[in-house]
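Colleague: File follows, work_7.pdb with PDB, N, CA and C atoms:
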ATOM      1  N   ALA A1006     213.928 120.652 253.063
ATOM      2  CA  ALA A1006     214.459 121.997 253.275
ATOM      3  C   ALA A1006     215.560 121.943 254.319
ATOM      4  N   SER A1007     216.528 122.782 254.124
ATOM      5  CA  SER A1007     217.626 122.821 255.085
ATOM      6  C   SER A1007     217.170 123.509 256.366
ATOM      7  N   LEU A1008     217.916 123.283 257.432
ATOM      8  CA  LEU A1008     217.581 123.901 258.715
ATOM      9  C   LEU A1008     217.601 125.422 258.590
ATOM     10  N   MET A1009     218.574 125.953 257.864
ATOM     11  CA  MET A1009     218.669 127.403 257.712
ATOM     12  C   MET A1009     217.430 127.954 257.002
ATOM     13  N   THR A1010     216.967 127.291 255.978
ATOM     14  CA  THR A1010     215.784 127.742 255.262
ATOM     15  C   THR A1010     214.565 127.734 256.173
ATOM     16  N   VAL A1011     214.383 126.684 256.933
ATOM     17  CA  VAL A1011     213.257 126.598 257.865
ATOM     18  C   VAL A1011     213.362 127.696 258.911
ATOM     19  N   GLU A1012     214.551 127.929 259.400
ATOM     20  CA  GLU A1012     214.764 128.971 260.393
ATOM     21  C   GLU A1012     214.415 130.348 259.824
ATOM     22  N   MET A1013     214.835 130.630 258.594
ATOM     23  CA  MET A1013     214.568 131.923 257.969
ATOM     24  C   MET A1013     213.075 132.130 257.756
ATOM     25  N   ILE A1014     212.368 131.072 257.392
ATOM     26  CA  ILE A1014     210.937 131.179 257.144
ATOM     27  C   ILE A1014     210.176 131.406 258.449
ATOM     28  N   ALA A1015     210.594 130.749 259.504
ATOM     29  CA  ALA A1015     209.886 130.823 260.779
ATOM     30  C   ALA A1015     210.122 132.134 261.517
ATOM     31  N   ARG A1016     211.182 132.825 261.193
ATOM     32  CA  ARG A1016     211.543 134.052 261.894
ATOM     33  C   ARG A1016     210.800 135.249 261.291
ATOM     34  N   ALA A1017     210.245 136.077 262.151
ATOM     35  CA  ALA A1017     209.597 137.298 261.671
ATOM     36  C   ALA A1017     210.642 138.184 260.993
ATOM     37  N   PRO A1018     210.300 138.756 259.857
ATOM     38  CA  PRO A1018     211.271 139.549 259.090
ATOM     39  C   PRO A1018     211.421 140.973 259.621
ATOM     40  N   VAL A1019     211.829 141.079 260.864
ATOM     41  CA  VAL A1019     211.921 142.386 261.530
ATOM     42  C   VAL A1019     212.897 143.306 260.797
ATOM     43  N   GLN A1020     214.080 142.800 260.482
ATOM     44  CA  GLN A1020     215.083 143.631 259.810
ATOM     45  C   GLN A1020     214.633 144.031 258.413
ATOM     46  N   GLU A1021     214.038 143.099 257.687
ATOM     47  CA  GLU A1021     213.578 143.399 256.328
ATOM     48  C   GLU A1021     212.485 144.470 256.348
ATOM     49  N   MET A1022     211.587 144.382 257.327
ATOM     50  CA  MET A1022     210.520 145.381 257.445
ATOM     51  C   MET A1022     211.111 146.752 257.773
ATOM     52  N   SER A1023     212.072 146.776 258.688
ATOM     53  CA  SER A1023     212.728 148.024 259.050
ATOM     54  C   SER A1023     213.446 148.627 257.844
ATOM     55  N   ASN A1024     214.164 147.790 257.102
ATOM     56  CA  ASN A1024     214.872 148.268 255.918
ATOM     57  C   ASN A1024     213.906 148.871 254.905
ATOM     58  N   ALA A1025     212.772 148.211 254.704
ATOM     59  CA  ALA A1025     211.781 148.698 253.740
ATOM     60  C   ALA A1025     211.197 150.040 254.195
ATOM     61  N   ARG A1026     210.855 150.137 255.470
ATOM     62  CA  ARG A1026     210.293 151.404 255.986
ATOM     63  C   ARG A1026     211.298 152.540 255.853
ATOM     64  N   GLN A1027     212.545 152.271 256.190
ATOM     65  CA  GLN A1027     213.581 153.300 256.081
ATOM     66  C   GLN A1027     213.789 153.727 254.630
ATOM     67  N   ALA A1028     213.772 152.769 253.710
ATOM     68  CA  ALA A1028     213.956 153.088 252.293
ATOM     69  C   ALA A1028     212.801 153.929 251.766
ATOM     70  N   VAL A1029     211.576 153.610 252.183
ATOM     71  CA  VAL A1029     210.413 154.398 251.756
ATOM     72  C   VAL A1029     210.514 155.817 252.305
ATOM     73  N   ARG A1030     210.888 155.951 253.577
ATOM     74  CA  ARG A1030     211.051 157.301 254.163
ATOM     75  C   ARG A1030     212.130 158.089 253.438
ATOM     76  N   ALA A1031     213.249 157.451 253.159
ATOM     77  CA  ALA A1031     214.353 158.133 252.465
ATOM     78  C   ALA A1031     213.923 158.580 251.070
ATOM     79  N   ALA A1032     213.165 157.743 250.390
ATOM     80  CA  ALA A1032     212.676 158.098 249.054
ATOM     81  C   ALA A1032     211.719 159.285 249.135
ATOM     82  N   GLU A1033     210.836 159.276 250.133
ATOM     83  CA  GLU A1033     209.911 160.401 250.317
ATOM     84  C   GLU A1033     210.689 161.693 250.567
ATOM     85  N   GLN A1034     211.701 161.615 251.422
ATOM     86  CA  GLN A1034     212.501 162.795 251.750
ATOM     87  C   GLN A1034     213.294 163.298 250.539
ATOM     88  N   ALA A1035     213.610 162.400 249.623
ATOM     89  CA  ALA A1035     214.355 162.781 248.415
ATOM     90  C   ALA A1035     213.437 163.377 247.346
ATOM     91  N   GLY A1036     212.127 163.353 247.597
ATOM     92  CA  GLY A1036     211.184 163.923 246.638
ATOM     93  C   GLY A1036     210.626 162.924 245.638
ATOM     94  N   ALA A1037     210.727 161.647 245.948
ATOM     95  CA  ALA A1037     210.280 160.614 245.018
ATOM     96  C   ALA A1037     208.771 160.613 244.800
ATOM     97  N   THR A1038     208.020 161.147 245.752
ATOM     98  CA  THR A1038     206.564 161.162 245.606
ATOM     99  C   THR A1038     206.160 161.960 244.374
ATOM    100  N   THR A1039     206.889 163.029 244.076
ATOM    101  CA  THR A1039     206.581 163.815 242.879
ATOM    102  C   THR A1039     207.469 163.440 241.690
ATOM    103  N   ALA A1040     208.705 163.052 241.944
ATOM    104  CA  ALA A1040     209.633 162.735 240.851
ATOM    105  C   ALA A1040     209.391 161.357 240.247
ATOM    106  N   ALA A1041     208.911 160.417 241.048
ATOM    107  CA  ALA A1041     208.680 159.043 240.584
ATOM    108  C   ALA A1041     207.417 158.486 241.251
ATOM    109  N   PRO A1042     206.265 159.105 240.974
ATOM    110  CA  PRO A1042     205.049 158.739 241.706
ATOM    111  C   PRO A1042     204.612 157.282 241.537
ATOM    112  N   GLU A1043     204.780 156.728 240.336
ATOM    113  CA  GLU A1043     204.330 155.345 240.120
ATOM    114  C   GLU A1043     205.188 154.362 240.905
ATOM    115  N   VAL A1044     206.502 154.549 240.853
ATOM    116  CA  VAL A1044     207.419 153.655 241.555
ATOM    117  C   VAL A1044     207.221 153.801 243.059
ATOM    118  N   MET A1045     207.018 155.035 243.493
ATOM    119  CA  MET A1045     206.806 155.287 244.923
ATOM    120  C   MET A1045     205.498 154.653 245.398
ATOM    121  N   ALA A1046     204.452 154.758 244.585
ATOM    122  CA  ALA A1046     203.171 154.139 244.943
ATOM    123  C   ALA A1046     203.325 152.624 245.047
ATOM    124  N   GLU A1047     204.103 152.043 244.144
ATOM    125  CA  GLU A1047     204.327 150.598 244.193
ATOM    126  C   GLU A1047     205.090 150.214 245.468
ATOM    127  N   ALA A1048     206.094 150.996 245.826
ATOM    128  CA  ALA A1048     206.863 150.723 247.046
ATOM    129  C   ALA A1048     205.955 150.773 248.272
ATOM    130  N   ARG A1049     205.106 151.783 248.333
ATOM    131  CA  ARG A1049     204.188 151.913 249.478
ATOM    132  C   ARG A1049     203.206 150.746 249.530
ATOM    133  N   GLN A1050     202.674 150.362 248.374
ATOM    134  CA  GLN A1050     201.714 149.260 248.334
ATOM    135  C   GLN A1050     202.378 147.952 248.760
ATOM    136  N   LEU A1051     203.594 147.721 248.302
ATOM    137  CA  LEU A1051     204.323 146.517 248.695
ATOM    138  C   LEU A1051     204.578 146.509 250.203
ATOM    139  N   LEU A1052     204.917 147.665 250.761
ATOM    140  CA  LEU A1052     205.147 147.752 252.203
ATOM    141  C   LEU A1052     203.860 147.459 252.971
ATOM    142  N   LYS A1053     202.737 148.025 252.511
ATOM    143  CA  LYS A1053     201.451 147.737 253.159
ATOM    144  C   LYS A1053     201.132 146.251 253.100
ATOM    145  N   SER A1054     201.390 145.651 251.963
ATOM    146  CA  SER A1054     201.139 144.220 251.794
ATOM    147  C   SER A1054     202.033 143.410 252.730
ATOM    148  N   ALA A1055     203.299 143.805 252.832
ATOM    149  CA  ALA A1055     204.229 143.120 253.734
ATOM    150  C   ALA A1055     203.744 143.219 255.174
ATOM    151  N   GLU A1056     203.261 144.403 255.574
ATOM    152  CA  GLU A1056     202.765 144.590 256.932
ATOM    153  C   GLU A1056     201.543 143.704 257.191
ATOM    154  N   SER A1057     200.694 143.574 256.191
ATOM    155  CA  SER A1057     199.516 142.726 256.306
ATOM    156  C   SER A1057     199.917 141.252 256.468
ATOM    157  N   HIS A1058     200.868 140.805 255.654
ATOM    158  CA  HIS A1058     201.361 139.432 255.775
ATOM    159  C   HIS A1058     201.984 139.204 257.153
ATOM    160  N   LEU A1059     202.723 140.184 257.634
ATOM    161  CA  LEU A1059     203.382 140.074 258.932
ATOM    162  C   LEU A1059     202.344 139.897 260.046
ATOM    163  N   ARG A1060     201.297 140.703 260.002
ATOM    164  CA  ARG A1060     200.238 140.609 261.020
ATOM    165  C   ARG A1060     199.576 139.230 261.026
ATOM    166  N   ARG A1061     199.477 138.619 259.855
ATOM    167  CA  ARG A1061     198.852 137.289 259.755
ATOM    168  C   ARG A1061     199.834 136.153 260.048
ATOM    169  N   GLY A1062     201.098 136.497 260.296
ATOM    170  CA  GLY A1062     202.099 135.466 260.571
ATOM    171  C   GLY A1062     202.645 134.804 259.321
ATOM    172  N   ASP A1063     202.378 135.383 258.171
ATOM    173  CA  ASP A1063     202.866 134.857 256.895
ATOM    174  C   ASP A1063     204.236 135.490 256.621
ATOM    175  N   TYR A1064     205.236 134.983 257.316
ATOM    176  CA  TYR A1064     206.554 135.611 257.307
ATOM    177  C   TYR A1064     207.266 135.523 255.967
ATOM    178  N   ARG A1065     207.084 134.432 255.260
ATOM    179  CA  ARG A1065     207.758 134.297 253.963
ATOM    180  C   ARG A1065     207.293 135.398 253.003
ATOM    181  N   ASN A1066     205.982 135.558 252.868
ATOM    182  CA  ASN A1066     205.471 136.601 251.969
ATOM    183  C   ASN A1066     205.763 137.995 252.501
ATOM    184  N   ALA A1067     205.737 138.169 253.824
ATOM    185  CA  ALA A1067     206.082 139.472 254.404
ATOM    186  C   ALA A1067     207.517 139.840 254.041
ATOM    187  N   ARG A1068     208.413 138.887 254.171
ATOM    188  CA  ARG A1068     209.821 139.119 253.847
ATOM    189  C   ARG A1068     209.985 139.462 252.362
ATOM    190  N   ASP A1069     209.357 138.666 251.502
ATOM    191  CA  ASP A1069     209.470 138.897 250.057
ATOM    192  C   ASP A1069     208.947 140.273 249.664
ATOM    193  N   GLU A1070     207.784 140.631 250.191
ATOM    194  CA  GLU A1070     207.182 141.920 249.841
ATOM    195  C   GLU A1070     207.995 143.082 250.433
ATOM    196  N   ALA A1071     208.532 142.908 251.638
ATOM    197  CA  ALA A1071     209.360 143.951 252.242
ATOM    198  C   ALA A1071     210.617 144.185 251.407
ATOM    199  N   GLU A1072     211.219 143.107 250.941
ATOM    200  CA  GLU A1072     212.419 143.247 250.112
ATOM    201  C   GLU A1072     212.092 143.926 248.788
ATOM    202  N   LEU A1073     210.954 143.592 248.201
ATOM    203  CA  LEU A1073     210.535 144.254 246.965
ATOM    204  C   LEU A1073     210.227 145.731 247.220
ATOM    205  N   ALA A1074     209.581 146.023 248.344
ATOM    206  CA  ALA A1074     209.271 147.414 248.693
ATOM    207  C   ALA A1074     210.554 148.224 248.824
ATOM    208  N   ARG A1075     211.548 147.644 249.484
ATOM    209  CA  ARG A1075     212.833 148.326 249.639
ATOM    210  C   ARG A1075     213.468 148.584 248.275
ATOM    211  N   THR A1076     213.449 147.592 247.414
ATOM    212  CA  THR A1076     214.036 147.738 246.076
ATOM    213  C   THR A1076     213.354 148.853 245.302
ATOM    214  N   ARG A1077     212.020 148.869 245.327
ATOM    215  CA  ARG A1077     211.278 149.916 244.598
ATOM    216  C   ARG A1077     211.536 151.296 245.205
ATOM    217  N   ALA A1078     211.615 151.371 246.531
ATOM    218  CA  ALA A1078     211.869 152.654 247.186
ATOM    219  C   ALA A1078     213.258 153.176 246.836
ATOM    220  N   VAL A1079     214.238 152.294 246.793
ATOM    221  CA  VAL A1079     215.595 152.698 246.405
ATOM    222  C   VAL A1079     215.585 153.203 244.955
ATOM    223  N   GLU A1080     214.843 152.508 244.106
ATOM    224  CA  GLU A1080     214.719 152.935 242.708
ATOM    225  C   GLU A1080     214.064 154.315 242.622
ATOM    226  N   ALA A1081     212.991 154.520 243.387
ATOM    227  CA  ALA A1081     212.292 155.805 243.386
ATOM    228  C   ALA A1081     213.207 156.919 243.883
ATOM    229  N   ARG A1082     213.973 156.640 244.927
ATOM    230  CA  ARG A1082     214.904 157.645 245.449
ATOM    231  C   ARG A1082     215.955 158.000 244.404
ATOM    232  N   SER A1083     216.472 157.005 243.725
ATOM    233  CA  SER A1083     217.466 157.241 242.677
ATOM    234  C   SER A1083     216.888 158.108 241.559
ATOM    235  N   LEU A1084     215.656 157.819 241.158
ATOM    236  CA  LEU A1084     215.005 158.624 240.123
ATOM    237  C   LEU A1084     214.824 160.071 240.588
ATOM    238  N   ALA A1085     214.446 160.246 241.855
ATOM    239  CA  ALA A1085     214.260 161.596 242.401
ATOM    240  C   ALA A1085     215.578 162.354 242.443
ATOM    241  N   GLU A1086     216.637 161.664 242.865
ATOM    242  CA  GLU A1086     217.943 162.330 242.947
ATOM    243  C   GLU A1086     218.473 162.669 241.558
ATOM    244  N   THR A1087     218.227 161.810 240.586
ATOM    245  CA  THR A1087     218.626 162.096 239.210
ATOM    246  C   THR A1087     217.858 163.300 238.660
ATOM    247  N   ALA A1088     216.568 163.352 238.951
ATOM    248  CA  ALA A1088     215.745 164.480 238.504
ATOM    249  C   ALA A1088     216.230 165.782 239.118
ATOM    250  N   LYS A1089     216.579 165.756 240.409
ATOM    251  CA  LYS A1089     217.102 166.946 241.078
ATOM    252  C   LYS A1089     218.403 167.409 240.461
ATOM    253  N   ALA A1090     219.280 166.445 240.184
ATOM    254  CA  ALA A1090     220.601 166.760 239.644
ATOM    255  C   ALA A1090     220.506 167.355 238.236
ATOM    256  N   SER A1091     219.450 167.009 237.494
ATOM    257  CA  SER A1091     219.331 167.508 236.120
ATOM    258  C   SER A1091     218.618 168.838 236.039
ATOM    259  N   GLN A1092     218.108 169.330 237.168
ATOM    260  CA  GLN A1092     217.441 170.637 237.183
ATOM    261  C   GLN A1092     218.480 171.744 237.146
ATOM    262  N   PRO A1093     218.179 172.825 236.421
ATOM    263  CA  PRO A1093     219.126 173.950 236.412
ATOM    264  C   PRO A1093     219.197 174.599 237.789
ATOM    265  N   PRO A1094     220.345 175.131 238.152
ATOM    266  CA  PRO A1094     220.517 175.735 239.479
ATOM    267  C   PRO A1094     219.670 176.971 239.696
TER     268      PRO A1094
END
Would you write the structure of this file as structure tokens?

Modeller:
Amino acid sequence: ASLMTVEMIARAPVQEMSNARQAVRAAEQAGATTAAPEVMAEARQLLKSAESHLRRGDYRNARDEAELARTRAVEARSLAETAKASQPP
């Protein structure tokens, strides 16, 4: 493994966790809990899993799950915003 890869694995994924939490909050504020409940539930579960990995020092899995949580939360927010935009005024 390259030095950069080892460094990335050994470092706690602080930024990735923050990004995931912010994305989940933004999705909630956009109404994703009702507009895209399944995707939102998956984002929350992935974030919980990432937090659990982080507490155990399993940074690689914490990072992976945080990135997936962020992706799902962004997807949920997009679905919520699309649903809002298609509603009659």

Colleague: Taking the file as I've supplied it (selection: the PyMOL selection byres ((chain A and resi 1046-1051) around 6.5)), which residues are included? Please answer as a PyMOL selection string.

Modeller: chain A and resi 1041-1045+1052-1056+1070-1071+1073-1075+1077-1078

Colleague: Determine which residues of chain A DSSP labels as alpha helix (DSSP H) from the backbone of this structure, then write them out as number ranges by chain.

Modeller: A: 1008-1015, 1019-1034, 1037-1040, 1042-1060, 1064-1091

Colleague: Can you tell me how far CA of Val1019 in chain A sits from CA of Arg1060 in chain A, in Å to one decimal?

Modeller: 11.8 Å

Colleague: Given the file above and the PyMOL selection byres (((chain A and resi 1084 and name CA) around 10) and name CA), which residues are selected, and can you give them as an MDAnalysis selection string?

Modeller: chainID A and resid 1032 1035:1037 1040:1041 1044 1078:1083 1085:1090

Colleague: To one decimal place in Å, what is the distance between atom C of Ala1028 in chain A and CA of Thr1076 in chain A?

Modeller: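 Answer for the atom C of Ala1028 in chain A to CA of Thr1076 in chain A separation: 8.5 Å.
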
Colleague: Between CA of Leu1059 in chain A and CA of Ala1031 in chain A, measure the distance and give it in Å to one decimal.

Modeller: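 Value for the CA of Leu1059 in chain A-CA of Ala1031 in chain A distance: 22.1 Å.
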